[in-house]
Amino acid sequence: MEKEVIIRFDNVTKRYDSDTVVLDHVSFEIERGKFYTLLGPSGCGKTTILRLIAGFTEASEGDIYFNGKRINQVPANKRQVNTVFQDYALFPHLNVYENVAFGLRIKKVKQAEVDRRVKEALRFVNLSGYENREITEMSGGQRQRVAIARAIVNEPEVILLDEPLSALDLKLRTEMQYELRDLQKRLGITFIFVTHDQEEALAMSDEIFVLHEGRIEQSGTPTDIYDEPINRFVADFIGESNIVPGKMIKDFEVEFAGKVFECVDQGLNPNESVEVVIRPEDLEITSWDKGKIQVKVDSQLFRGVHYEMLCYDEAKNEWLVHSTKKAIVGEEIGLNFEPEAIHVMRLGETEEEFDKRLESYQEARHEQ
Ligand SMILES: Nc1ncnc2c1ncn2[C@@H]1O[C@H](COP(=O)(O)OP(=O)(O)OP(=O)(O)O)[C@@H](O)[C@H]1O
Ligand SMILES: [Mg+2]
């Protein structure tokens, strides 16, 4: 399928008052028909991006494009987007049918057409037959689906969802994650979903933008972001990781925890200081003498499917290990890992620099 850009942010900066920058020169492209997630901690600017797309607030600098046209001055009601809010913002005095029909009534759509579209929207979210129910008689998950039906009934090109699952309990939340993902595929509408939950983002998205203090720290598919976090913030934020200081000796050799190890990274300066990331599940427990690094087990928890151990090496680096094998607290053990499990990050590396570096590895592999 040809790539078709539906929304583009070009160097968008947002200040609410003259000196606090909430979004700082943000640029990105949204392609039609995909599921996007804005992921980041509270206050990083997620809702602000949605508000800019929806037209509820104006950019201080930069340009916003929709289908190739600059829309900075286009009012909210003229934009082809609908928002599903965190608290759903349903009308408690209207029944399910009238909640979903609300937007169409305002546009003075004819009754026969309203009827057809409301029924279709309710069918899409598996709520056929609930037309006459009061909102107050609906469960949290059902209200969620009414809110989504109310957005899709307008047949928008883009649906914005601001933490729509955060009010639900864990079980319902997981169910709704599947439902939403499935709904997006069936509708083919572009979804921009906001969450601060990394597992949710990894499970649902085609593309993730990781936001931090008003900037996009990294963007990519869930696997890109999970496998190759580009800086310490992203690594820390996307799942628990081990991050230890190291030194790139030369291509394919990195030093950390007092030893030199084979890795897959190249093109850094000889003896450059770096941060080394190894995921807990990429560490394998072995006996003291067989391990690449030696650690002492400080504590251990059973997590249902695996044990989680916190260990320390001689240099006092902390190592979190996920293993199906059990260790003994206080015991000295060895840890093994593959060269591919080592992710070397330059200090302060930008996304472009990191992408270039990864590309160069692939080219080098090709030439071999
Ligand atoms: N109307 C406003 N006036 C002034 N500052 C605002 C306004 N709206 C948001 N901000 C500030 O902008 C920053 C980003 O807010 P935003 O709502 O985009 O964050 P968020 O990533 O959605 O956070 P959360 O996960 O808590 O919803 C915050 O520091 C917030 O205080
Ligand atoms: Mg928000």
# chains A, B, ... in the order shown; residues from 1 in each chain; ligands from 1
>>> select_by_dssp(residues="stretch 167-356 of chain A", states="strand (DSSP E)", output="PyMOL selection string")
chain A and resi 190-195+207-212+215-220+242-250+253-256+259-262+272-278+284-286+293-302+307-313+318-323+332-336+343-346
>>> residues_near_ligand(ligand="ligand 2", cutoff="12 Å", atoms="only C-alpha atoms and all ligand atoms", output="PyMOL selection string")
chain A and resi 38-51+85-87+160-164+166+193-196+211
>>> residues_around(residues="A:Ile7", least_positions_apart="5", cutoff="10 Å", atoms="only C-alpha atoms", output="JSON, numbers by chain")
{"A": [28, 29, 30, 31, 32, 53, 64, 65, 66, 67, 68, 69, 70, 71, 158, 190]}
>>> closest_residue(among="A:Gly103, A:Gly291, A:Gly214, A:Pro92", to="A:His25", atoms="only C-alpha atoms")
A:Gly214
>>> select_by_dssp(residues="stretch 122-361 of chain A", states="helix (DSSP H, G or I)", output="PyMOL selection string")
chain A and resi 122-124+135-137+140-152+170-187+198-204+222-227+232-237+280-282+288-290+339-341+351-361
>>> residues_around(residues="stretch 129-140 of chain A", least_positions_apart="6", cutoff="7 Å", atoms="only C-alpha atoms", output="PyMOL selection string")
chain A and resi 92+94-97+168
>>> write_last_selection(atoms="N, CA and C atoms", output="mmCIF file, in the first residue's frame")
data_model
loop_
_atom_site.group_PDB
_atom_site.id
_atom_site.type_symbol
_atom_site.label_atom_id
_atom_site.label_comp_id
_atom_site.auth_asym_id
_atom_site.auth_seq_id
_atom_site.Cartn_x
_atom_site.Cartn_y
_atom_site.Cartn_z
ATOM 1 N N PRO A 92 -25.331 12.293 30.526
ATOM 2 C CA PRO A 92 -26.028 11.348 31.411
ATOM 3 C C PRO A 92 -27.549 11.380 31.231
ATOM 4 N N LEU A 94 -29.130 11.579 28.393
ATOM 5 C CA LEU A 94 -29.562 11.005 27.113
ATOM 6 C C LEU A 94 -29.295 9.510 27.111
ATOM 7 N N ASN A 95 -30.130 8.762 26.381
ATOM 8 C CA ASN A 95 -29.876 7.316 26.301
ATOM 9 C C ASN A 95 -28.745 7.034 25.314
ATOM 10 N N VAL A 96 -28.421 5.763 25.151
ATOM 11 C CA VAL A 96 -27.297 5.357 24.301
ATOM 12 C C VAL A 96 -27.479 5.884 22.877
ATOM 13 N N TYR A 97 -28.666 5.662 22.334
ATOM 14 C CA TYR A 97 -28.949 6.079 20.957
ATOM 15 C C TYR A 97 -28.695 7.574 20.782
ATOM 16 N N LEU A 168 -10.620 2.015 33.439
ATOM 17 C CA LEU A 168 -11.100 0.632 33.525
ATOM 18 C C LEU A 168 -10.163 -0.221 34.383
#
>>> residues_around(residues="stretch 149-157 of chain A", least_positions_apart="4", cutoff="8 Å", atoms="only C-alpha atoms", output="PDB file with N, CA and C atoms, in the first residue's frame")
ATOM      1  N   GLN A  80     -11.722  17.118  10.173  1.00  0.00           N
ATOM      2  CA  GLN A  80     -12.212  15.744   9.985  1.00  0.00           C
ATOM      3  C   GLN A  80     -11.707  14.805  11.087  1.00  0.00           C
ATOM      4  N   VAL A  81     -11.811  15.272  12.343  1.00  0.00           N
ATOM      5  CA  VAL A  81     -11.343  14.440  13.453  1.00  0.00           C
ATOM      6  C   VAL A  81     -12.386  14.423  14.563  1.00  0.00           C
ATOM      7  N   ASN A  82     -12.388  13.337  15.316  1.00  0.00           N
ATOM      8  CA  ASN A  82     -13.240  13.255  16.499  1.00  0.00           C
ATOM      9  C   ASN A  82     -12.411  12.759  17.669  1.00  0.00           C
ATOM     10  N   THR A  83     -12.764  13.227  18.860  1.00  0.00           N
ATOM     11  CA  THR A  83     -11.974  12.873  20.035  1.00  0.00           C
ATOM     12  C   THR A  83     -12.794  12.001  20.984  1.00  0.00           C
ATOM     13  N   VAL A  84     -12.143  10.971  21.534  1.00  0.00           N
ATOM     14  CA  VAL A  84     -12.728  10.201  22.630  1.00  0.00           C
ATOM     15  C   VAL A  84     -11.957  10.604  23.880  1.00  0.00           C
ATOM     16  N   ASN A  99     -27.004   9.656  22.652  1.00  0.00           N
ATOM     17  CA  ASN A  99     -25.601  10.019  22.839  1.00  0.00           C
ATOM     18  C   ASN A  99     -24.822   9.851  21.536  1.00  0.00           C
ATOM     19  N   VAL A 100     -25.055   8.719  20.877  1.00  0.00           N
ATOM     20  CA  VAL A 100     -24.327   8.442  19.634  1.00  0.00           C
ATOM     21  C   VAL A 100     -24.812   9.385  18.523  1.00  0.00           C
ATOM     22  N   ALA A 101     -26.109   9.683  18.521  1.00  0.00           N
ATOM     23  CA  ALA A 101     -26.692  10.506  17.452  1.00  0.00           C
ATOM     24  C   ALA A 101     -26.368  11.994  17.592  1.00  0.00           C
ATOM     25  N   PHE A 102     -25.852  12.388  18.739  1.00  0.00           N
ATOM     26  CA  PHE A 102     -25.735  13.803  19.072  1.00  0.00           C
ATOM     27  C   PHE A 102     -25.090  14.667  17.962  1.00  0.00           C
ATOM     28  N   GLY A 103     -23.942  14.223  17.488  1.00  0.00           N
ATOM     29  CA  GLY A 103     -23.220  14.992  16.459  1.00  0.00           C
ATOM     30  C   GLY A 103     -24.026  15.127  15.178  1.00  0.00           C
ATOM     31  N   LEU A 104     -24.752  14.075  14.842  1.00  0.00           N
ATOM     32  CA  LEU A 104     -25.543  14.091  13.607  1.00  0.00           C
ATOM     33  C   LEU A 104     -26.740  15.028  13.744  1.00  0.00           C
ATOM     34  N   ARG A 117     -26.948   5.296  10.541  1.00  0.00           N
ATOM     35  CA  ARG A 117     -25.578   5.453  10.995  1.00  0.00           C
ATOM     36  C   ARG A 117     -25.395   5.094  12.470  1.00  0.00           C
ATOM     37  N   VAL A 118     -26.366   5.431  13.300  1.00  0.00           N
ATOM     38  CA  VAL A 118     -26.262   5.102  14.731  1.00  0.00           C
ATOM     39  C   VAL A 118     -26.266   3.579  14.903  1.00  0.00           C
ATOM     40  N   GLU A 120     -25.408   1.328  12.760  1.00  0.00           N
ATOM     41  CA  GLU A 120     -24.162   0.763  12.243  1.00  0.00           C
ATOM     42  C   GLU A 120     -23.015   0.975  13.237  1.00  0.00           C
ATOM     43  N   ALA A 121     -22.953   2.176  13.808  1.00  0.00           N
ATOM     44  CA  ALA A 121     -21.879   2.477  14.773  1.00  0.00           C
ATOM     45  C   ALA A 121     -22.004   1.567  15.997  1.00  0.00           C
ATOM     46  N   LEU A 122     -23.239   1.355  16.465  1.00  0.00           N
ATOM     47  CA  LEU A 122     -23.442   0.495  17.643  1.00  0.00           C
ATOM     48  C   LEU A 122     -23.095  -0.956  17.316  1.00  0.00           C
ATOM     49  N   PHE A 124     -20.805  -1.868  15.228  1.00  0.00           N
ATOM     50  CA  PHE A 124     -19.343  -1.920  15.192  1.00  0.00           C
ATOM     51  C   PHE A 124     -18.734  -2.131  16.568  1.00  0.00           C
ATOM     52  N   VAL A 125     -19.341  -1.542  17.586  1.00  0.00           N
ATOM     53  CA  VAL A 125     -18.777  -1.666  18.935  1.00  0.00           C
ATOM     54  C   VAL A 125     -19.518  -2.728  19.765  1.00  0.00           C
ATOM     55  N   ARG A 145     -17.409   2.011  25.006  1.00  0.00           N
ATOM     56  CA  ARG A 145     -17.785   1.678  23.630  1.00  0.00           C
ATOM     57  C   ARG A 145     -18.809   2.664  23.075  1.00  0.00           C
ATOM     58  N   ILE A 189      -9.855   3.477   9.890  1.00  0.00           N
ATOM     59  CA  ILE A 189      -9.676   4.891  10.229  1.00  0.00           C
ATOM     60  C   ILE A 189      -8.354   5.047  10.975  1.00  0.00           C
ATOM     61  N   THR A 190      -7.683   6.180  10.782  1.00  0.00           N
ATOM     62  CA  THR A 190      -6.448   6.455  11.507  1.00  0.00           C
ATOM     63  C   THR A 190      -6.770   6.723  12.977  1.00  0.00           C
TER      64      THR A 190
END
>>> closest_atom_pairs(of="stretch 176-267 of chain A", to="stretch 308-328 of chain A", cutoff="7 Å", atoms="only C-alpha atoms", output="CSV")
residue,atom,partner,partner_atom,distance
A:Asn242,CA,A:Trp319,CA,5.9
A:Val244,CA,A:Asn317,CA,6.6
A:Ala257,CA,A:Ala315,CA,6.3
>>> residues_around(residues="A:Pro75", least_positions_apart="6", cutoff="9 Å", atoms="only C-alpha atoms", output="list of chain:residue names")
A:Ala54, A:Gly55, A:Phe56
>>> closest_residue(among="A:Gly220, A:Arg215, A:Asp298, A:Glu253", to="ligand 1", atoms="only C-alpha atoms and all ligand atoms")
A:Arg215
>>> residues_around(residues="A:Glu272", least_positions_apart="2", cutoff="6 Å", atoms="only C-alpha atoms", output="PDB file with C-alpha atoms, in the first residue's frame")
ATOM      1  CA  LYS A 247      33.504   2.217  26.983  1.00  0.00           C
ATOM      2  CA  MET A 248      33.593   1.292  23.297  1.00  0.00           C
ATOM      3  CA  ASN A 269      35.066   6.457  18.389  1.00  0.00           C
ATOM      4  CA  PRO A 270      37.760   4.299  19.976  1.00  0.00           C
TER       5      PRO A 270
END
>>> atom_distance(atom1="atom CA of A:Gln73", atom2="atom 11 (C, counted along the ligand's line) of ligand 1")
21.4 Å
>>> closest_residue(among="A:Val210, A:Ile106, A:Leu127, A:Leu183", to="ligand 1", atoms="only C-alpha atoms and all ligand atoms")
A:Val210
>>> closest_residue(among="A:Leu23, A:Ile249, A:Ile293, A:Leu90", to="ligand 1", atoms="only C-alpha atoms and all ligand atoms")
A:Leu23
>>> closest_residue(among="A:Ile216, A:Ile159, A:Leu283, A:Leu358", to="A:Gly334", atoms="only C-alpha atoms")
A:Leu283
>>> atom_distance(atom1="atom 7 (C, counted along the ligand's line) of ligand 1", atom2="atom CA of A:Lys78")
23.0 Å
>>> decode(residues="stretch 301-339 of chain A", atoms="N, CA and C atoms", output="CSV table (one decimal), in the first residue's frame")
chain,number,residue,atom,x,y,z
A,301,LEU,N,12.2,-12.4,43.5
A,301,LEU,CA,10.7,-12.4,43.6
A,301,LEU,C,10.2,-13.4,42.6
A,302,PHE,N,9.2,-14.1,42.9
A,302,PHE,CA,8.5,-14.9,41.9
A,302,PHE,C,7.4,-14.2,41.2
A,303,ARG,N,7.5,-14.0,39.9
A,303,ARG,CA,6.5,-13.2,39.2
A,303,ARG,C,5.4,-13.9,38.5
A,304,GLY,N,5.2,-15.2,38.9
A,304,GLY,CA,4.2,-16.0,38.2
A,304,GLY,C,4.7,-16.8,37.1
A,305,VAL,N,5.4,-16.2,36.1
A,305,VAL,CA,6.0,-17.0,35.0
A,305,VAL,C,7.5,-17.1,35.1
A,306,HIS,N,8.1,-16.1,35.8
A,306,HIS,CA,9.6,-16.1,36.0
A,306,HIS,C,10.0,-15.6,37.3
A,307,TYR,N,11.2,-15.8,37.6
A,307,TYR,CA,11.8,-15.2,38.8
A,307,TYR,C,12.5,-13.9,38.4
A,308,GLU,N,12.4,-12.9,39.3
A,308,GLU,CA,13.0,-11.6,39.1
A,308,GLU,C,14.1,-11.5,40.2
A,309,MET,N,15.3,-11.4,39.7
A,309,MET,CA,16.4,-11.2,40.7
A,309,MET,C,17.1,-9.9,40.6
A,310,LEU,N,17.5,-9.3,41.7
A,310,LEU,CA,18.3,-8.1,41.7
A,310,LEU,C,19.7,-8.5,42.1
A,311,CYS,N,20.7,-8.3,41.3
A,311,CYS,CA,22.0,-8.7,41.6
A,311,CYS,C,23.0,-7.5,41.5
A,312,TYR,N,24.2,-7.7,42.1
A,312,TYR,CA,25.2,-6.6,42.0
A,312,TYR,C,26.5,-7.3,41.6
A,313,ASP,N,27.2,-6.6,40.7
A,313,ASP,CA,28.6,-7.1,40.3
A,313,ASP,C,29.6,-6.4,41.3
A,314,GLU,N,30.9,-6.6,41.1
A,314,GLU,CA,31.9,-6.1,42.0
A,314,GLU,C,32.0,-4.6,41.9
A,315,ALA,N,31.7,-4.0,40.7
A,315,ALA,CA,31.7,-2.6,40.5
A,315,ALA,C,30.5,-1.9,41.0
A,316,LYS,N,29.6,-2.7,41.7
A,316,LYS,CA,28.3,-2.2,42.3
A,316,LYS,C,27.3,-1.8,41.3
A,317,ASN,N,27.5,-2.3,40.0
A,317,ASN,CA,26.4,-2.1,39.0
A,317,ASN,C,25.2,-3.0,39.4
A,318,GLU,N,24.0,-2.5,39.2
A,318,GLU,CA,22.8,-3.3,39.5
A,318,GLU,C,22.4,-4.1,38.3
A,319,TRP,N,22.1,-5.4,38.4
A,319,TRP,CA,21.6,-6.2,37.3
A,319,TRP,C,20.3,-6.8,37.7
A,320,LEU,N,19.3,-6.5,36.9
A,320,LEU,CA,18.0,-7.1,37.1
A,320,LEU,C,17.9,-8.3,36.1
A,321,VAL,N,17.5,-9.5,36.6
A,321,VAL,CA,17.5,-10.7,35.8
A,321,VAL,C,16.1,-11.3,35.8
A,322,HIS,N,15.6,-11.7,34.7
A,322,HIS,CA,14.4,-12.4,34.6
A,322,HIS,C,14.7,-13.8,34.1
A,323,SER,N,14.4,-14.8,34.9
A,323,SER,CA,14.8,-16.2,34.6
A,323,SER,C,13.7,-17.2,35.1
A,324,THR,N,13.6,-18.3,34.3
A,324,THR,CA,12.7,-19.3,34.8
A,324,THR,C,13.4,-20.2,35.9
A,325,LYS,N,14.7,-20.0,35.9
A,325,LYS,CA,15.5,-20.7,37.0
A,325,LYS,C,15.5,-19.9,38.2
A,326,LYS,N,15.5,-20.6,39.3
A,326,LYS,CA,15.6,-19.9,40.6
A,326,LYS,C,17.0,-19.8,41.1
A,327,ALA,N,17.3,-18.7,41.8
A,327,ALA,CA,18.6,-18.6,42.4
A,327,ALA,C,18.5,-18.5,43.9
A,328,ILE,N,19.6,-18.4,44.6
A,328,ILE,CA,19.5,-18.3,46.1
A,328,ILE,C,20.0,-17.0,46.5
A,329,VAL,N,19.2,-16.3,47.3
A,329,VAL,CA,19.6,-14.9,47.7
A,329,VAL,C,20.9,-15.1,48.5
A,330,GLY,N,21.9,-14.2,48.2
A,330,GLY,CA,23.2,-14.2,48.8
A,330,GLY,C,24.2,-15.1,48.1
A,331,GLU,N,23.7,-15.9,47.1
A,331,GLU,CA,24.6,-16.7,46.3
A,331,GLU,C,25.4,-15.9,45.3
A,332,GLU,N,26.6,-16.4,44.9
A,332,GLU,CA,27.3,-15.7,43.9
A,332,GLU,C,27.1,-16.5,42.6
A,333,ILE,N,26.7,-15.9,41.5
A,333,ILE,CA,26.3,-16.6,40.3
A,333,ILE,C,27.0,-15.9,39.1
A,334,GLY,N,26.9,-16.6,38.0
A,334,GLY,CA,27.4,-16.0,36.7
A,334,GLY,C,26.2,-15.6,35.8
A,335,LEU,N,26.4,-14.6,35.0
A,335,LEU,CA,25.4,-14.2,34.0
A,335,LEU,C,26.0,-14.3,32.6
A,336,ASN,N,25.2,-14.9,31.7
A,336,ASN,CA,25.6,-15.0,30.3
A,336,ASN,C,24.7,-14.2,29.5
A,337,PHE,N,25.2,-13.8,28.3
A,337,PHE,CA,24.3,-13.0,27.3
A,337,PHE,C,25.0,-13.1,26.0
A,338,GLU,N,24.2,-13.0,24.9
A,338,GLU,CA,24.7,-13.0,23.6
A,338,GLU,C,25.2,-11.6,23.2
A,339,PRO,N,26.2,-11.6,22.2
A,339,PRO,CA,26.6,-10.2,21.7
A,339,PRO,C,25.4,-9.3,21.3
